[in-house]
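J.: A single structure is presented below for examination.
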Amino acid sequence: MTEIIESFNPILIFAGFLILSGLISSGVLVTKRLKVSRTRLHDIQAALDESTIVAITDPKGIITYVNDKFVEISKYEEDELLGRNHNILNSGYHPPEFFRNLWKTIGSGEIWKGEIRNKAKNGSFYWVETTIVPFLNNKNKPYQYVSIRTDITALKTTEAKLKSSLKEVKDIKFALDQSAIVAVTDEKGIITNVNDRFCEISQYSRKELAGRNHSILNSNLHSKEFFKNLWKTIVRGHVWKGEIRNKAKDGSYYWVHTTIVPFLNADGKPYQYLSIRNDITERKKTEEVLHRQDKLAAVGQLAAGVAHEIRNPLTTMRGYAEFLQLDETNEESQEYLRIILDEINRVNDIAEDFMVLAKPKAAELEEKDIIHILKNVISLLEFEARNLSVKIRFEFVQDIIQIECDENRLKQVFHNLIKNGIEAMPEGGELTIRAALIHNEVQIAIQDTGVGIPQEQLKSIGEPFFTTKKNGNGLGLMVSFKIIESHNGKVFIQSELNKGTTFNIVLPGKSK
Ligand code: ADP
Ligand code: MG
């Protein structure tokens, strides 16, 4: 048997050794050993060569055999390896004790197993799971070592990645704990875990919170609808964000900006919720103060606005009244009286409009002629226009355009727009008003040749209190837009700096 074996190369010796020990241990008679055929040993060598990295060294570690896989992974040529010490592959990763230990094991005839990082010829590293089997002579001294290795580089890389991502998760958790108020609840909202900051702000201990529903912190500020909405969002697996006022154990309130992230199981159903909160109590306090100041300012401005709007019709009324006083026999007095009454109604309506702004009520619509309405408003402003060298032109396609509207409100709109146009032409100019019924749409344009509106101001047009005038109140356009809106109409603005501005109003025509 020895002869047969010695006539093969060392790898076959090892393969044979494995097979034979297998056969022996499985109870096959020792006498049958010789029946292991040469072809079978060849097959085993082939299989081993395919699957593992094999090397044989002498007792000093000098390489005497390498297989193809060894050559492939180490990137050395076979003849660069043969005759060299195995430590040519040392990557410098393992400490000297590691190798001392290895040598001690195999030197005493025992098998060594372990994971080694080697360095290939091109400097890259690879990890191999290594088994080194010493072959002993009759004095029980190793005369050679056979090492079989498998490439576990991919495994090691994954392991390293996993380790670093685990560390990352730990770091993130740490950062979160440091910076935010964190709680975890189960799918029913029962608190399972909170961090120190949570306990601190809520003044409850961990023990008091665990197993409790989150509603223990409810401050009764938010509606049922609010929380229903929150739950609807997170149950569906969506992130919810919002500001919540909570109640601490001592009854004091605190505000938290809250983000609730559902954790989903494989079926996409939440199995727990992570909530991250930040204390915004201070900000809320400041906001409340500011809000109150804002409101006060708004009320003041609104009062100023109302007064301003009321002054215009009152001036007209006074003018005509004074005129009537001068000449009581004048035939036109009846007409002027009618205008005075109209204006008084308008004052009433303006007051009502400000109520509308707070609580919109459905406009009361009646069928009226828009041409007549426009003529009326123009006649009221003509005097003022002439004083400012503004020429007013009125062009209309149809003599009568019937429209379902609230007459006094629309008058207010045209009054505002025409007045704005006049005020946009301090050096005088032309104000053109056009009206036409086109495809059952009433189109009204009010065009001036004034200063225009700078691009960056266009977006503020119609905002309450936006004004560029010394005595303006910035309410006219807001009220006008609201009125047009309540008539189901639309307003489009075209403006060019120093060329002029056109307000285009489109209102639905009277439905047939
Ligand atoms: P107010 O007339 O009191 O300023 P408005 O709401 O009527 O308030 O108008 C708001 C602002 O819009 C005006 O201050 C002005 O800057 C701008 N604006 C409105 N109409 C015109 C226009 N025809 N031409 C130029 N700017 C205009
Ligand atoms: Mg105005």
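Just so we're on the same page: first chain in the structure tokens is A, next is B, and so on; residues restart at 1 for each chain, and ligands are numbered from 1 in the order they show up.
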8 Å from ligand 2 is the threshold here; counting only C-alpha atoms and all ligand atoms, which polymer residues fall inside it? Answer as a list in words.
T.: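 Here is the list of contacting residues: Asn416, Leu417, Lys419, Asn420, Gly472, Asn473, Gly474, Leu475, Gly476 and Leu477 of chain A.
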J.: Dump the neighbourhood of ligand 1 as a ChimeraX atom specification: all residues within 9 Å, distances computed on only C-alpha atoms and all ligand atoms.
T.: /A:305,308,416-425,446-454,457-458,460-480,495,497,500-503
J.: Nearest residue to Ser91 of chain A out of A:Asn140, A:Ser124, A:Asn67, A:Gln325, using only C-alpha atoms?
T.: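 Answer, going by the shortest atom-to-atom distance: A:Ser124.
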J.: Apply DSSP to the structure's backbone, then extract all residues of segment 260-493 of chain A labelled alpha helix (DSSP H) and return them as number ranges by chain.
T.: A: 281-326, 333-358, 370-387, 407-423, 455-458, 476-486
J.: Which residues are close to Pro142 of chain A, i.e. within 7 Å by only C-alpha atoms, leaving aside same-chain residues fewer than 6 positions away? Reply as number ranges by chain.
T.: A: 59, 107, 109, 134-136
J.: Based on the selection just made, write C-alpha atoms of those residues as a tab-separated table (two decimals), in the first residue's frame.
T.:
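Saved to part_13.tsv:
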chain	number	residue	atom	x	y	z
A	59	PRO	CA	8.30	20.96	8.36
A	107	GLY	CA	4.47	21.00	15.37
A	109	GLY	CA	1.27	16.70	15.45
A	134	PRO	CA	0.48	17.42	9.96
A	135	PHE	CA	1.75	14.14	8.46
A	136	LEU	CA	3.90	12.26	10.94
J.: I'd like the neighbourhood of Glu364 of chain A as a list of chain:residue names, where a residue qualifies if any of its atoms comes within 10 Å (using only C-alpha atoms), though same-chain residues fewer than 2 positions away should be ignored.
T.: A:Lys361, A:Ala362, A:Glu366, A:Glu404, A:Cys405, A:Asp406, A:Glu407, A:Arg409, A:Ser486, A:His487
J.: Report, in Å with one decimal, the straight-line distance from atom CA of Lys69 of chain A to atom CA of Lys156 of chain A.
T.: 19.0 Å
